[in-house]
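Below is one structure; the comments refer to it alone.
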Amino acid sequence: MGNIFEILLIQPITNIGLALYVLLNGAGIPFALGFSIILLTIIIRLFLYPIMSKQMKSAKSMQMLAPHLSTIKEKHKDDKKKQQEEMMKLYKEHGINPAAGCLPLIIQLPVLWSLYKVLSTIVSSDSVKVMKDLNQTAYFEWMKISEPLHTGFFGLNLAHSPSKEFSVAPYLILVPVLTGVSQFILSKMMLPAETPPKKDGKEDFQTTFQKQSLFIFPIMIGFFSFSLPVGLSLYWNTFTLFGILHQYKIGGWGGMLPIIHKIKNR
């Protein structure tokens, strides 16, 4: 299974990234590794575009049905079987598959994991070993490199993590902060602009979970960004930025709308 995963996903992604680096570096473009990571991320994002569009549209449809689902749950709270039947009937009437939002996520996870593995290798501190491994993986002779990768990117070293360099370069804290904030914006946009009303003064489990995840996930991603090489943060932030643009196209500002209105009214 590991070899199949390597051949079908990791090697092709590695070769695309390597080809981009060789072409950019050969053209004399500075910070070729950083820009190749950005371009590789954009290619992956475009590849996943149809899948992620379905996921976002499904999530938006589920949000629109949320009040109706709450009514059904309240009406049949003592009859779980009837509750499920009515919910499935509602999904069918609106042409929604409740599992449609999960399937695209499951499909894209292997691709994202492969990209993570590739970038972990590319930005490794053992530059000589990286060069040797990349040359062994290269599909074509012209893609082989004769010197270690240049890991500099606008004053940052893509192979170093903010946690290890923080004492000499405290400004690197901006990397995990930016990563966490951008992830918060994307997560907030995926929520409805209006919070569902509380019933009996209490929030349902889904609303409570969404509120907790809204802060926990960005903090967790920010922590990883602080601990892992900057090159991985560059990939994640590029991916998140395009996710924000994609989400805006599908569902607008969503849960960010109240925050935007507050900022404008100041």
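Letters A, B, ... mark the chains of the structure tokens in the order given; residue numbers begin at 1 per chain; ligand numbers begin at 1, in order shown.
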Stretch 245-256 of chain A environment, 12 Å, only C-alpha atoms, sequence neighbours closer than 6 positions dropped, as a PyMOL selection string: chain A and resi 45-46+48-61+63-64+182+184-196+210-211+214+238-239+262-263
Residue set, stretch 31-236 of chain A restricted to strand (DSSP E or B), as a PyMOL selection string: chain A and resi 152-153+156-157+199+202
Prev. selection, N, CA, C and O atoms, output as a PDB file, in the first residue's frame:
```pdb
ATOM      1  N   GLY A 152      16.239  30.219   0.635  1.00  0.00           N
ATOM      2  CA  GLY A 152      15.899  31.578   1.030  1.00  0.00           C
ATOM      3  C   GLY A 152      14.642  32.072   0.341  1.00  0.00           C
ATOM      4  O   GLY A 152      14.373  31.736  -0.814  1.00  0.00           O
ATOM      5  N   PHE A 153      13.861  32.885   1.073  1.00  0.00           N
ATOM      6  CA  PHE A 153      12.636  33.438   0.495  1.00  0.00           C
ATOM      7  C   PHE A 153      12.301  34.748   1.206  1.00  0.00           C
ATOM      8  O   PHE A 153      11.752  34.755   2.303  1.00  0.00           O
ATOM      9  N   LEU A 156      13.540  34.928   4.671  1.00  0.00           N
ATOM     10  CA  LEU A 156      13.188  33.748   5.465  1.00  0.00           C
ATOM     11  C   LEU A 156      13.922  32.530   4.931  1.00  0.00           C
ATOM     12  O   LEU A 156      14.219  32.451   3.739  1.00  0.00           O
ATOM     13  N   ASN A 157      14.218  31.596   5.827  1.00  0.00           N
ATOM     14  CA  ASN A 157      14.790  30.321   5.402  1.00  0.00           C
ATOM     15  C   ASN A 157      13.683  29.283   5.465  1.00  0.00           C
ATOM     16  O   ASN A 157      13.190  28.948   6.546  1.00  0.00           O
ATOM     17  N   LYS A 199     -32.343  27.591  22.075  1.00  0.00           N
ATOM     18  CA  LYS A 199     -33.605  27.020  22.514  1.00  0.00           C
ATOM     19  C   LYS A 199     -33.511  26.732  24.002  1.00  0.00           C
ATOM     20  O   LYS A 199     -32.594  26.018  24.432  1.00  0.00           O
ATOM     21  N   LYS A 202     -30.263  27.393  25.716  1.00  0.00           N
ATOM     22  CA  LYS A 202     -29.114  26.518  25.486  1.00  0.00           C
ATOM     23  C   LYS A 202     -28.842  26.380  23.995  1.00  0.00           C
ATOM     24  O   LYS A 202     -29.768  26.400  23.179  1.00  0.00           O
TER      25      LYS A 202
END
```
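Shortest separation to A:Phe31 among A:Phe223, A:Phe154, A:Trp113, A:Phe140 occurs at residue A:Phe154, atoms counted being only C-alpha atoms.
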Which of stretch 79-262 of chain A fall in helix (DSSP H, G or I), as number ranges by chain: A: 80-93, 102-122, 127-137, 141-143, 162-165, 170-189, 205-227, 230-251, 254-262
Polymer residues at most 9 Å from stretch 225-233 of chain A, only C-alpha atoms, same-chain spacing of 2 or more positions, as number ranges by chain: A: 33-34, 37, 116, 119-120, 122-124, 151, 156-164, 172-173, 175-177, 179-180, 220-223, 235-238
Distance in Å - atom CA of A:Phe224 versus atom CA of A:Gly155: 20.8 Å
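Pairwise distance (atom CA of A:Ile10, atom CA of A:Val130) equals 14.7 Å.
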Which of A:Thr41, A:Tyr171, A:Phe47, A:His94 sits closest to A:His68 [using only C-alpha atoms]: A:His94
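Within 8 Å of stretch 86-90 of chain A there are Leu69, Ile72, Lys82 and His94 of chain A, counting only C-alpha atoms and ignoring same-chain residues fewer than 4 positions away.
Across the model, the gap from atom CA of A:Val181 to atom CA of A:Thr240 is 10.3 Å.
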